[in-house]
file run04.cif (mmCIF, C-alpha atoms and all ligand atoms)
data_my_file
#
loop_
_atom_site.label_atom_id
_atom_site.label_comp_id
_atom_site.auth_asym_id
_atom_site.auth_seq_id
_atom_site.Cartn_x
_atom_site.Cartn_y
_atom_site.Cartn_z
CA MET A 8 46.00 66.15 76.85
CA ALA A 9 48.00 65.82 80.07
CA ASN A 10 51.67 66.66 79.61
CA ILE A 11 54.31 65.30 81.88
CA ALA A 12 58.05 65.88 82.24
CA ILE A 13 60.42 63.15 83.32
CA LEU A 14 63.48 64.21 85.32
CA GLY A 15 66.29 61.67 84.98
CA PHE A 16 66.32 59.15 82.14
CA GLY A 17 67.99 56.22 83.90
CA THR A 18 66.41 52.86 84.72
CA VAL A 19 63.18 54.20 86.23
CA GLY A 20 62.77 57.32 84.07
CA SER A 21 63.14 55.37 80.83
CA GLY A 22 60.78 52.72 82.21
CA VAL A 23 58.14 55.40 82.80
CA ALA A 24 58.32 56.52 79.16
CA GLU A 25 58.14 52.89 78.06
CA VAL A 26 55.12 52.02 80.22
CA LEU A 27 53.27 55.16 79.10
CA ASP A 28 53.81 54.09 75.47
CA MET A 29 53.24 50.39 75.93
CA ASN A 30 49.99 50.83 77.84
CA GLN A 31 48.67 53.98 76.19
CA ALA A 32 45.20 52.57 75.57
CA GLU A 33 44.75 51.23 79.13
CA ILE A 34 45.97 54.49 80.64
CA ARG A 35 43.72 56.58 78.42
CA ARG A 36 40.71 54.46 79.36
CA ARG A 37 41.25 55.65 82.95
CA THR A 38 42.31 59.23 82.43
CA GLU A 39 39.95 59.88 79.49
CA GLU A 40 42.68 62.03 77.97
CA PRO A 41 46.05 61.12 76.51
CA VAL A 42 49.05 61.35 78.80
CA ALA A 43 52.11 62.47 76.86
CA VAL A 44 55.75 62.96 77.79
CA LYS A 45 56.62 66.50 76.74
CA TYR A 46 60.15 66.73 78.14
CA ILE A 47 62.87 64.48 79.44
CA LEU A 48 65.47 66.27 81.54
CA ASP A 49 68.91 64.74 81.80
CA THR A 50 72.50 65.91 81.66
CA ARG A 51 73.16 63.27 78.96
CA GLU A 52 72.05 63.00 75.33
CA PHE A 53 70.30 59.84 74.13
CA PRO A 54 70.83 59.98 70.36
CA ASP A 55 69.65 56.39 69.78
CA SER A 56 66.53 56.64 71.89
CA PRO A 57 63.09 57.07 70.30
CA TYR A 58 62.67 59.87 72.87
CA ALA A 59 65.86 61.74 71.86
CA HIS A 60 63.83 64.72 70.55
CA LEU A 61 62.28 65.27 74.02
CA VAL A 62 65.58 65.54 75.88
CA ILE A 63 66.41 68.93 77.38
CA HIS A 64 69.00 70.07 79.92
CA ASP A 65 67.43 73.14 81.49
CA PHE A 66 64.86 72.59 84.23
CA SER A 67 63.48 76.13 83.94
CA VAL A 68 61.91 75.18 80.58
CA ILE A 69 59.72 72.68 82.44
CA GLU A 70 59.16 74.99 85.38
CA GLN A 71 57.90 77.76 83.12
CA ASP A 72 55.78 75.66 80.78
CA PRO A 73 52.14 75.88 81.93
CA GLU A 74 51.26 72.87 79.78
CA VAL A 75 53.27 70.55 82.05
CA SER A 76 50.96 69.44 84.85
CA VAL A 77 52.93 66.54 86.32
CA VAL A 78 56.67 66.28 86.96
CA VAL A 79 58.09 62.79 87.46
CA GLU A 80 61.30 62.89 89.49
CA CYS A 81 63.58 59.89 88.86
CA ILE A 82 66.96 61.53 89.43
CA GLY A 83 67.50 60.10 92.89
CA GLY A 84 69.34 61.53 95.88
CA CYS A 85 68.66 64.81 97.65
CA GLY A 86 70.67 67.27 95.57
CA VAL A 87 69.09 68.62 92.40
CA ALA A 88 66.15 66.23 92.96
CA LEU A 89 65.17 68.30 96.02
CA ASP A 90 65.67 71.60 94.24
CA PHE A 91 63.65 70.56 91.16
CA THR A 92 60.87 68.95 93.23
CA SER A 93 60.45 72.10 95.34
CA ARG A 94 60.48 74.35 92.29
CA ALA A 95 57.99 72.15 90.43
CA LEU A 96 55.54 72.24 93.35
CA LYS A 97 55.94 76.01 93.70
CA ALA A 98 55.29 76.32 89.96
CA GLY A 99 51.94 74.57 90.50
CA LYS A 100 52.83 71.13 89.20
CA HIS A 101 52.11 67.78 90.79
CA VAL A 102 55.24 65.80 91.55
CA VAL A 103 55.53 62.01 91.45
CA THR A 104 58.76 60.42 92.64
CA SER A 105 60.39 57.03 93.07
CA ASN A 106 63.09 58.61 95.23
CA LYS A 107 63.01 57.14 98.75
CA ALA A 108 66.08 59.09 99.88
CA LEU A 109 64.21 62.31 99.09
CA VAL A 110 60.98 61.24 100.81
CA ALA A 111 62.73 59.84 103.90
CA ALA A 112 64.84 62.98 104.37
CA HIS A 113 62.53 65.74 103.09
CA GLY A 114 59.05 64.20 102.86
CA LEU A 115 57.66 66.42 105.60
CA GLU A 116 58.66 69.72 103.98
CA LEU A 117 57.74 68.56 100.46
CA LEU A 118 54.29 67.40 101.56
CA GLU A 119 53.81 70.78 103.22
CA LEU A 120 54.93 72.57 100.07
CA ALA A 121 52.48 70.47 98.04
CA ARG A 122 49.71 71.43 100.48
CA GLN A 123 50.53 75.13 100.26
CA ASN A 124 50.40 74.97 96.47
CA ASN A 125 47.32 72.74 96.35
CA ARG A 126 49.24 70.07 94.44
CA ASN A 127 50.03 66.42 95.07
CA PHE A 128 53.37 64.94 96.02
CA LEU A 129 53.04 61.19 95.46
CA PHE A 130 55.68 58.49 96.00
CA GLU A 131 54.10 55.03 95.69
CA ALA A 132 57.19 53.74 93.83
CA SER A 133 59.53 54.76 96.65
CA VAL A 134 58.73 51.65 98.72
CA GLY A 135 58.34 48.13 97.39
CA GLY A 136 58.93 48.99 93.71
CA GLY A 137 55.84 47.85 91.82
CA ILE A 138 53.89 46.67 94.87
CA PRO A 139 50.80 48.75 95.65
CA LEU A 140 51.60 49.48 99.28
CA LEU A 141 51.44 53.11 100.37
CA ARG A 142 47.88 53.71 99.19
CA PRO A 143 46.53 50.49 100.75
CA LEU A 144 48.34 51.36 104.00
CA SER A 145 47.08 54.96 104.01
CA PHE A 146 43.53 54.45 102.77
CA CYS A 147 42.35 50.82 102.69
CA LEU A 148 43.75 50.21 106.18
CA ALA A 149 42.74 53.62 107.54
CA GLY A 150 40.27 51.93 109.90
CA ASN A 151 43.08 50.25 111.81
CA ARG A 152 45.57 51.09 114.45
CA ILE A 153 48.72 49.76 112.81
CA GLU A 154 50.61 47.55 115.27
CA GLU A 155 53.47 46.26 113.14
CA ILE A 156 55.07 46.47 109.71
CA CYS A 157 57.77 44.02 108.78
CA GLY A 158 59.17 43.57 105.33
CA ILE A 159 61.76 42.54 102.84
CA LEU A 160 62.25 46.00 101.43
CA ASN A 161 65.36 45.74 99.30
CA GLY A 162 65.37 43.71 96.10
CA THR A 163 69.14 43.80 95.60
CA THR A 164 70.02 42.24 98.95
CA ASN A 165 67.21 39.70 98.76
CA TYR A 166 68.47 38.73 95.30
CA ILE A 167 72.05 38.40 96.59
CA LEU A 168 71.05 36.39 99.68
CA THR A 169 68.82 34.09 97.64
CA LYS A 170 71.57 33.36 95.11
CA MET A 171 74.18 32.86 97.87
CA ILE A 172 71.95 30.45 99.76
CA HIS A 173 70.27 28.46 96.99
CA GLU A 174 72.90 28.56 94.26
CA ASN A 175 76.05 28.85 96.33
CA ARG A 176 77.08 31.96 94.38
CA ASN A 177 79.46 34.54 95.73
CA PHE A 178 78.49 37.96 97.04
CA ASP A 179 80.47 40.14 94.61
CA ASP A 180 79.27 38.34 91.46
CA MET A 181 75.66 38.52 92.58
CA LEU A 182 75.94 42.21 93.44
CA ARG A 183 77.27 42.81 89.93
CA ARG A 184 74.33 40.86 88.47
CA ALA A 185 71.87 42.93 90.55
CA GLN A 186 73.51 46.09 89.19
CA GLU A 187 73.25 44.82 85.59
CA LYS A 188 69.58 44.07 86.12
CA GLY A 189 68.98 47.64 87.29
CA TYR A 190 68.02 46.66 90.85
CA ALA A 191 70.87 48.28 92.75
CA GLU A 192 71.22 51.92 93.77
CA ALA A 193 73.76 54.12 91.97
CA ASP A 194 75.93 53.54 95.03
CA PRO A 195 75.12 49.93 96.00
CA THR A 196 76.46 50.45 99.52
CA ALA A 197 73.01 51.89 100.26
CA ASP A 198 71.52 48.48 99.42
CA VAL A 199 74.17 46.32 101.04
CA GLU A 200 74.48 48.31 104.28
CA GLY A 201 70.71 48.52 104.77
CA LEU A 202 70.26 52.26 104.21
CA ASP A 203 67.83 51.76 101.33
CA ALA A 204 65.67 49.44 103.46
CA CYS A 205 65.98 51.96 106.30
CA ARG A 206 64.62 54.81 104.16
CA LYS A 207 61.70 52.61 103.15
CA ILE A 208 60.78 51.52 106.68
CA CYS A 209 60.98 55.22 107.69
CA ILE A 210 58.38 56.07 105.03
CA LEU A 211 56.13 53.19 106.05
CA ALA A 212 56.43 54.10 109.74
CA ALA A 213 55.62 57.75 109.00
CA LEU A 214 52.47 56.77 107.13
CA ALA A 215 51.46 54.23 109.76
CA PHE A 216 52.18 56.23 112.90
CA GLY A 217 51.79 59.79 111.61
CA ARG A 218 55.25 61.14 112.49
CA HIS A 219 58.30 61.71 110.33
CA VAL A 220 61.07 59.25 111.12
CA TYR A 221 64.54 60.19 109.89
CA PRO A 222 66.96 57.45 108.79
CA GLU A 223 69.52 58.69 111.33
CA GLN A 224 67.05 57.77 114.11
CA VAL A 225 66.95 54.13 113.05
CA TYR A 226 69.32 51.32 114.03
CA THR A 227 70.49 49.90 110.69
CA CYS A 228 72.59 46.85 109.96
CA GLY A 229 72.96 45.48 106.43
CA ILE A 230 74.25 42.22 105.01
CA SER A 231 77.93 42.98 104.43
CA GLY A 232 78.84 41.15 107.67
CA ILE A 233 76.91 37.99 106.71
CA THR A 234 79.24 35.05 106.16
CA THR A 235 78.82 31.62 104.61
CA GLU A 236 78.90 30.27 108.17
CA ASP A 237 75.82 32.35 109.02
CA VAL A 238 74.11 30.93 105.94
CA ALA A 239 75.01 27.41 107.09
CA CYS A 240 73.63 28.18 110.57
CA ALA A 241 70.35 29.41 109.09
CA GLU A 242 70.12 26.16 107.14
CA ALA A 243 70.89 24.10 110.24
CA ALA A 244 68.14 25.98 112.07
CA GLY A 245 65.72 25.35 109.17
CA MET A 246 65.19 29.09 108.86
CA ALA A 247 65.55 31.65 106.09
CA LEU A 248 68.07 34.47 106.27
CA LYS A 249 66.43 37.78 105.30
CA LEU A 250 67.22 41.48 105.59
CA LEU A 251 64.13 42.98 107.22
CA GLY A 252 62.94 46.48 107.97
CA ARG A 253 60.65 46.34 110.95
CA THR A 254 58.60 48.67 113.08
CA PHE A 255 56.15 47.83 115.82
CA ARG A 256 54.25 49.47 118.62
CA GLN A 257 55.39 48.60 122.15
CA GLU A 258 53.02 48.26 125.08
CA ASP A 259 54.17 51.69 126.35
CA GLY A 260 52.99 53.21 123.03
CA ARG A 261 56.48 53.89 121.68
CA PHE A 262 57.62 52.55 118.31
CA VAL A 263 60.52 50.25 117.74
CA ILE A 264 62.06 50.71 114.30
CA TYR A 265 65.13 49.00 112.92
CA VAL A 266 66.74 47.23 109.96
CA SER A 267 68.71 44.03 110.39
CA PRO A 268 69.33 40.62 108.87
CA HIS A 269 67.05 38.09 110.59
CA LEU A 270 66.57 34.39 110.77
CA VAL A 271 62.95 33.84 109.81
CA LEU A 272 61.06 30.70 110.83
CA SER A 273 60.32 28.74 107.68
CA ASP A 274 56.57 28.67 108.24
CA ARG A 275 56.40 32.50 108.22
CA PRO A 276 55.26 33.89 104.86
CA LEU A 277 58.31 36.18 104.59
CA ALA A 278 60.62 33.13 104.61
CA SER A 279 59.66 32.06 101.10
CA VAL A 280 60.08 35.46 99.43
CA ASP A 281 63.09 35.08 97.14
CA GLY A 282 65.06 36.94 94.48
CA VAL A 283 64.21 40.53 93.66
CA PHE A 284 60.78 40.11 95.24
CA ASN A 285 59.80 42.22 98.22
CA ALA A 286 57.05 41.44 100.69
CA VAL A 287 55.60 43.55 103.45
CA LEU A 288 53.52 42.26 106.27
CA ILE A 289 51.25 44.76 108.00
CA ARG A 290 49.35 43.99 111.20
CA GLY A 291 46.38 46.15 112.05
CA ASN A 292 44.21 45.84 115.15
CA ALA A 293 41.08 45.28 113.06
CA VAL A 294 42.30 43.47 109.95
CA GLY A 295 44.96 41.24 111.56
CA GLU A 296 47.85 40.44 109.22
CA VAL A 297 47.90 41.35 105.53
CA MET A 298 50.81 40.79 103.21
CA PHE A 299 51.85 42.63 100.04
CA TYR A 300 54.12 40.88 97.59
CA GLY A 301 55.73 41.71 94.25
CA ARG A 302 58.79 42.92 92.41
CA GLY A 303 60.57 45.41 94.65
CA ALA A 304 62.99 46.80 92.06
CA GLY A 305 63.57 46.92 88.34
CA LYS A 306 62.64 49.15 85.46
CA LEU A 307 59.09 48.26 84.53
CA PRO A 308 57.77 47.25 87.99
CA THR A 309 58.94 50.55 89.48
CA ALA A 310 57.64 52.47 86.45
CA SER A 311 54.28 50.74 86.95
CA ALA A 312 53.95 52.37 90.38
CA VAL A 313 55.11 55.76 89.08
CA VAL A 314 52.60 55.70 86.23
CA GLY A 315 49.84 54.78 88.69
CA ASP A 316 50.65 57.99 90.60
CA VAL A 317 50.72 59.99 87.35
CA VAL A 318 47.24 58.70 86.47
CA ASP A 319 46.07 59.66 89.97
CA CYS A 320 47.39 63.22 89.48
CA VAL A 321 45.75 63.53 86.06
CA LEU A 322 42.43 62.21 87.38
CA HIS A 323 42.51 64.46 90.44
CA ASN A 324 44.11 67.54 88.98
CA ASP A 325 42.24 69.86 91.34
CA LYS A 326 42.06 67.61 94.36
CA ARG A 327 44.66 66.78 96.95
CA ARG A 328 45.39 63.33 98.29
CA SER A 329 45.41 63.45 102.08
CA LEU A 330 48.65 61.54 102.34
CA GLY A 331 51.15 62.71 104.90
CA TRP A 332 52.40 62.93 108.46
CA GLY A 333 53.50 65.32 111.17
CA GLU A 334 56.85 66.46 112.55
CA SER A 335 59.25 63.93 114.01
CA ARG A 336 58.75 63.23 117.75
CA PRO A 337 61.88 61.47 119.00
CA ALA A 338 60.21 60.66 122.34
CA ASP A 339 57.86 58.33 120.43
CA LEU A 340 60.75 56.11 119.39
CA ALA A 341 62.01 53.30 121.58
CA ASP A 342 65.74 52.63 121.94
CA PHE A 343 66.38 49.56 119.79
CA SER A 344 69.24 48.40 122.01
CA GLN A 345 66.77 47.90 124.88
CA VAL A 346 64.27 45.76 122.96
CA PRO A 347 64.24 42.08 123.94
CA LEU A 348 64.66 39.74 120.96
CA ARG A 349 65.76 36.15 120.45
CA TRP A 350 69.17 35.91 118.77
CA MET A 351 71.13 33.34 116.84
CA ILE A 352 74.65 33.50 118.27
CA ARG A 353 77.76 32.04 116.72
CA THR A 354 80.70 31.81 119.09
CA ARG A 355 84.06 30.23 119.82
CA ALA A 356 83.12 29.90 123.49
CA ALA A 357 82.67 26.44 124.96
CA SER A 358 79.23 25.31 126.08
CA GLY A 359 80.12 25.76 129.77
CA ALA A 360 80.93 29.44 129.25
CA VAL A 361 77.84 29.84 127.09
CA GLY A 362 75.62 28.34 129.80
CA ALA A 363 77.18 30.58 132.44
CA VAL A 364 76.46 33.71 130.41
CA PHE A 365 73.23 32.94 128.56
CA GLY A 366 71.54 30.36 130.80
CA GLN A 367 69.43 27.89 128.88
CA VAL A 368 70.04 28.05 125.11
CA GLU A 369 69.00 25.92 122.15
CA TYR A 370 71.96 24.66 120.09
CA LEU A 371 71.34 24.38 116.34
CA PRO A 372 71.21 20.78 115.05
CA GLY A 373 74.69 19.53 114.17
CA ARG A 374 76.46 22.69 115.44
CA LYS A 375 78.48 23.19 118.59
CA ASP A 376 79.24 26.83 117.78
CA ALA A 377 75.76 28.25 117.26
CA PHE A 378 72.63 28.51 119.36
CA LEU A 379 69.40 30.44 119.87
CA THR A 380 69.02 32.58 122.99
CA ALA A 381 66.02 33.41 125.11
CA PRO A 382 64.83 37.03 124.56
CA MET A 383 67.59 39.49 125.46
CA THR A 384 68.59 42.98 124.45
CA LYS A 385 71.26 44.13 122.03
CA ALA A 386 72.66 46.25 124.87
CA ALA A 387 73.27 43.05 126.85
CA LEU A 388 75.01 41.47 123.85
CA ASP A 389 77.17 44.56 123.35
CA GLY A 390 78.09 44.37 127.05
CA LEU A 391 79.24 40.76 126.61
CA ARG A 392 81.28 41.69 123.55
CA GLU A 393 82.94 44.51 125.49
CA LYS A 394 83.86 42.04 128.23
CA GLY A 395 85.62 39.91 125.59
CA PHE A 396 83.00 37.17 125.11
CA SER A 397 83.40 35.68 121.62
CA LEU A 398 80.41 36.77 119.46
CA LEU A 399 81.19 35.88 115.86
CA SER A 400 77.60 36.62 114.82
CA ALA A 401 74.47 37.85 116.54
CA ILE A 402 71.40 37.80 114.29
CA PRO A 403 67.88 38.37 115.59
CA VAL A 404 65.21 35.74 115.03
CA LEU A 405 61.76 36.62 113.72
CA SER A 406 59.53 34.09 115.40
N1 LIG A 501 67.93 49.43 95.09
C1 LIG A 501 66.57 49.23 95.40
C2 LIG A 501 66.36 47.74 95.69
C3 LIG A 501 65.72 49.69 94.26
O1 LIG A 501 67.23 46.95 95.37
O2 LIG A 501 65.33 47.39 96.26
C4 LIG A 501 64.26 49.76 94.56
O3 LIG A 501 63.99 50.71 95.54
#

call {"tool": "encode", "arguments": {"input": "run04.cif", "output": "structure tokens"}}
result
Amino acid sequence: MANIAILGFGTVGSGVAEVLDMNQAEIRRRTEEPVAVKYILDTREFPDSPYAHLVIHDFSVIEQDPEVSVVVECIGGCGVALDFTSRALKAGKHVVTSNKALVAAHGLELLELARQNNRNFLFEASVGGGIPLLRPLSFCLAGNRIEEICGILNGTTNYILTKMIHENRNFDDMLRRAQEKGYAEADPTADVEGLDACRKICILAALAFGRHVYPEQVYTCGISGITTEDVACAEAAGMALKLLGRTFRQEDGRFVIYVSPHLVLSDRPLASVDGVFNAVLIRGNAVGEVMFYGRGAGKLPTASAVVGDVVDCVLHNDKRRSLGWGESRPADLADFSQVPLRWMIRTRAASGAVGAVFGQVEYLPGRKDAFLTAPMTKAALDGLREKGFSLLSAIPVLS
């Protein structure tokens, strides 16, 4: 019997208990031993839950119980989640987490702690919810030099944008719906302002390029500045409006990494990914492009990925997964503001002034206020804004 403890009994934690119950037979077929939840740690009581008898409030009970081999961390954030994860690893337990904030900020030290204690620290659920992504990137694509990763990495914002665009719904109502459905973060600003997507692209970049990337090193712009006019411009351009996390290797070997809303050409596979779905496109120098698609948030999809990691820990109790990366190397990162991109610009400026500043541009059909630029840097756009040029919107184009 493999005993696990679940830390945090919110959306994901309760989903883990549910999946372990619902799919007991399938899981046992793989592990060849039952996997049982021995404890659930939470500050709250759950008197009406079938798991009420497992709820405890003192982490040291788990820490000191030699029967617990795997700790599942679903608390979120970097406060007690960091403390409990470190203590669990030091106590000789594998740790599985869905917590991208923890991995993006402390992944390096926690992976090292896992190594020192000959345990695994696994986090498949931290990126892309239920989509199998980190293992394929780390192992199946290990024969590649990864050139680019570009993805819709946040279910909440993709859900909001999809509803705003296709159903003409308003932002606040759709955010509330995403919260009700259990997609949004405890503080949904992390979704809306792009920080959640940023943490996820940091984890993907670290796995792909072998160096820790901290969220503070990444240019991040979310969707709170997106207006109905931007949506109309995307429609006029025949493109989809998507929040993307992106990283790619430049010719000089440095990595560009950023999060921003984009206009995506409609024939690109990412353009048709709607609702809570996430999709991640990876380009390797041997395989070319591969795309991963599935539910990026929600109780059971995320729990599916967590339980997959639990099964891996149970199956490989005495073996370590060689998943990880080295220290951050800021010199490897390119300055996003100097990267040439095409932009969709919305402006009050007349076409003469636009031509004088941008040269040849491509106006969107039916619009005198919006056009696509030739490749230019964000630094150049910021310079124009400082000089007083009217830039109502500047959104990069993924061509
Ligand atoms: N808030 C996240 C999202 C949850 O909406 O994608 C999954 O990481």

call {"tool": "residues_around", "arguments": {"input": "run04.cif", "residues": "Arg152 in chain A", "least_positions_apart": "3", "cutoff": "12 Å", "atoms": "only C-alpha atoms", "output": "MDAnalysis selection string"}}
result
chainID A and resid 144:145 148:149 155:156 214:217 255:256 260 289:295

call {"tool": "closest_atom_pairs", "arguments": {"input": "run04.cif", "of": "chain A", "to": "ligand LIG 501 (chain A)", "cutoff": "10 Å", "atoms": "only C-alpha atoms and all ligand atoms", "output": "JSON lines"}}
result
{"residue": "A:Val19", "atom": "CA", "partner": "A:LIG501", "partner_atom": "C4", "distance": 9.5}
{"residue": "A:Ser105", "atom": "CA", "partner": "A:LIG501", "partner_atom": "O3", "distance": 7.7}
{"residue": "A:Asn106", "atom": "CA", "partner": "A:LIG501", "partner_atom": "O3", "distance": 8.0}
{"residue": "A:Lys107", "atom": "CA", "partner": "A:LIG501", "partner_atom": "O3", "distance": 7.3}
{"residue": "A:Ala108", "atom": "CA", "partner": "A:LIG501", "partner_atom": "O3", "distance": 9.7}
{"residue": "A:Ala132", "atom": "CA", "partner": "A:LIG501", "partner_atom": "O3", "distance": 7.6}
{"residue": "A:Ser133", "atom": "CA", "partner": "A:LIG501", "partner_atom": "O3", "distance": 6.1}
{"residue": "A:Val134", "atom": "CA", "partner": "A:LIG501", "partner_atom": "O3", "distance": 6.2}
{"residue": "A:Gly135", "atom": "CA", "partner": "A:LIG501", "partner_atom": "O3", "distance": 6.5}
{"residue": "A:Gly136", "atom": "CA", "partner": "A:LIG501", "partner_atom": "C4", "distance": 5.5}
{"residue": "A:Gly137", "atom": "CA", "partner": "A:LIG501", "partner_atom": "C4", "distance": 9.1}
{"residue": "A:Ile159", "atom": "CA", "partner": "A:LIG501", "partner_atom": "O2", "distance": 8.9}
{"residue": "A:Leu160", "atom": "CA", "partner": "A:LIG501", "partner_atom": "O2", "distance": 6.2}
{"residue": "A:Asn161", "atom": "CA", "partner": "A:LIG501", "partner_atom": "O2", "distance": 3.5}
{"residue": "A:Gly162", "atom": "CA", "partner": "A:LIG501", "partner_atom": "O2", "distance": 3.7}
{"residue": "A:Thr163", "atom": "CA", "partner": "A:LIG501", "partner_atom": "O1", "distance": 3.7}
{"residue": "A:Thr164", "atom": "CA", "partner": "A:LIG501", "partner_atom": "O1", "distance": 6.5}
{"residue": "A:Asn165", "atom": "CA", "partner": "A:LIG501", "partner_atom": "O1", "distance": 8.0}
{"residue": "A:Tyr166", "atom": "CA", "partner": "A:LIG501", "partner_atom": "O1", "distance": 8.3}
{"residue": "A:Ile167", "atom": "CA", "partner": "A:LIG501", "partner_atom": "O1", "distance": 9.9}
{"residue": "A:Ala185", "atom": "CA", "partner": "A:LIG501", "partner_atom": "O1", "distance": 7.8}
{"residue": "A:Gln186", "atom": "CA", "partner": "A:LIG501", "partner_atom": "N1", "distance": 8.8}
{"residue": "A:Lys188", "atom": "CA", "partner": "A:LIG501", "partner_atom": "O1", "distance": 10.0}
{"residue": "A:Gly189", "atom": "CA", "partner": "A:LIG501", "partner_atom": "C3", "distance": 8.0}
{"residue": "A:Tyr190", "atom": "CA", "partner": "A:LIG501", "partner_atom": "O1", "distance": 4.6}
{"residue": "A:Ala191", "atom": "CA", "partner": "A:LIG501", "partner_atom": "N1", "distance": 3.9}
{"residue": "A:Glu192", "atom": "CA", "partner": "A:LIG501", "partner_atom": "N1", "distance": 4.3}
{"residue": "A:Ala193", "atom": "CA", "partner": "A:LIG501", "partner_atom": "N1", "distance": 8.1}
{"residue": "A:Asp194", "atom": "CA", "partner": "A:LIG501", "partner_atom": "N1", "distance": 9.0}
{"residue": "A:Pro195", "atom": "CA", "partner": "A:LIG501", "partner_atom": "N1", "distance": 7.3}
{"residue": "A:Thr196", "atom": "CA", "partner": "A:LIG501", "partner_atom": "N1", "distance": 9.7}
{"residue": "A:Ala197", "atom": "CA", "partner": "A:LIG501", "partner_atom": "N1", "distance": 7.7}
{"residue": "A:Asp198", "atom": "CA", "partner": "A:LIG501", "partner_atom": "N1", "distance": 5.7}
{"residue": "A:Val199", "atom": "CA", "partner": "A:LIG501", "partner_atom": "O1", "distance": 9.0}
{"residue": "A:Leu202", "atom": "CA", "partner": "A:LIG501", "partner_atom": "N1", "distance": 9.8}
{"residue": "A:Asp203", "atom": "CA", "partner": "A:LIG501", "partner_atom": "C1", "distance": 6.6}
{"residue": "A:Ala204", "atom": "CA", "partner": "A:LIG501", "partner_atom": "O2", "distance": 7.5}
{"residue": "A:Arg206", "atom": "CA", "partner": "A:LIG501", "partner_atom": "O3", "distance": 9.6}
{"residue": "A:Lys207", "atom": "CA", "partner": "A:LIG501", "partner_atom": "O3", "distance": 8.2}
{"residue": "A:Val283", "atom": "CA", "partner": "A:LIG501", "partner_atom": "O1", "distance": 7.3}
{"residue": "A:Phe284", "atom": "CA", "partner": "A:LIG501", "partner_atom": "O2", "distance": 8.6}
{"residue": "A:Asn285", "atom": "CA", "partner": "A:LIG501", "partner_atom": "O2", "distance": 7.8}
{"residue": "A:Arg302", "atom": "CA", "partner": "A:LIG501", "partner_atom": "O2", "distance": 8.8}
{"residue": "A:Gly303", "atom": "CA", "partner": "A:LIG501", "partner_atom": "O2", "distance": 5.4}
{"residue": "A:Ala304", "atom": "CA", "partner": "A:LIG501", "partner_atom": "C4", "distance": 4.1}
{"residue": "A:Gly305", "atom": "CA", "partner": "A:LIG501", "partner_atom": "C4", "distance": 6.9}
{"residue": "A:Lys306", "atom": "CA", "partner": "A:LIG501", "partner_atom": "C4", "distance": 9.3}
{"residue": "A:Pro308", "atom": "CA", "partner": "A:LIG501", "partner_atom": "C4", "distance": 9.6}
{"residue": "A:Thr309", "atom": "CA", "partner": "A:LIG501", "partner_atom": "C4", "distance": 7.4}

call {"tool": "atom_distance", "arguments": {"input": "run04.cif", "atom1": "CA of Phe53 in chain A", "atom2": "CA of Gln31 in chain A"}}
result
22.5 Å

call {"tool": "residues_around", "arguments": {"input": "run04.cif", "residues": "Cys240 in chain A", "least_positions_apart": "6", "cutoff": "8 Å", "atoms": "only C-alpha atoms", "output": "number ranges by chain"}}
result
A: 371, 374, 377

call {"tool": "atom_distance", "arguments": {"input": "run04.cif", "atom1": "CA of Ala43 in chain A", "atom2": "CA of Lys97 in chain A"}}
result
21.9 Å

call {"tool": "atom_distance", "arguments": {"input": "run04.cif", "atom1": "CA of Gly158 in chain A", "atom2": "CA of Glu116 in chain A"}}
result
26.2 Å

call {"tool": "axis_aligned_box", "arguments": {"input": "run04.cif", "around": "range 32-41 of chain A", "padding_each_side": "8 Å", "output": "JSON"}}
result
{"center_x": 43.0, "center_y": 56.6, "center_z": 79.3, "size_x": 22.1, "size_y": 26.8, "size_z": 23.4}

call {"tool": "closest_residue", "arguments": {"input": "run04.cif", "among": "A:Asp376, A:Glu40, A:Glu296, A:Asp389", "to": "Ala9 in chain A", "atoms": "all atoms listed in the file"}}
result
A:Glu40

call {"tool": "residues_around", "arguments": {"input": "run04.cif", "residues": "range 337-354 of chain A", "least_positions_apart": "5", "cutoff": "8 Å", "atoms": "only C-alpha atoms", "output": "tab-separated table (two decimals) with C-alpha atoms, in the frame of the given file"}}
result
chain	number	residue	atom	x	y	z
A	226	TYR	CA	69.32	51.32	114.03
A	237	ASP	CA	75.82	32.35	109.02
A	260	GLY	CA	52.99	53.21	123.03
A	261	ARG	CA	56.48	53.89	121.68
A	262	PHE	CA	57.62	52.55	118.31
A	263	VAL	CA	60.52	50.25	117.74
A	264	ILE	CA	62.06	50.71	114.30
A	265	TYR	CA	65.13	49.00	112.92
A	270	LEU	CA	66.57	34.39	110.77
A	376	ASP	CA	79.24	26.83	117.78
A	377	ALA	CA	75.76	28.25	117.26
A	378	PHE	CA	72.63	28.51	119.36
A	379	LEU	CA	69.40	30.44	119.87
A	380	THR	CA	69.02	32.58	122.99
A	381	ALA	CA	66.02	33.41	125.11
A	382	PRO	CA	64.83	37.03	124.56
A	383	MET	CA	67.59	39.49	125.46
A	384	THR	CA	68.59	42.98	124.45
A	385	LYS	CA	71.26	44.13	122.03
A	386	ALA	CA	72.66	46.25	124.87
A	397	SER	CA	83.40	35.68	121.62
A	398	LEU	CA	80.41	36.77	119.46
A	399	LEU	CA	81.19	35.88	115.86
A	400	SER	CA	77.60	36.62	114.82
A	401	ALA	CA	74.47	37.85	116.54
A	402	ILE	CA	71.40	37.80	114.29
A	403	PRO	CA	67.88	38.37	115.59
A	404	VAL	CA	65.21	35.74	115.03
A	405	LEU	CA	61.76	36.62	113.72
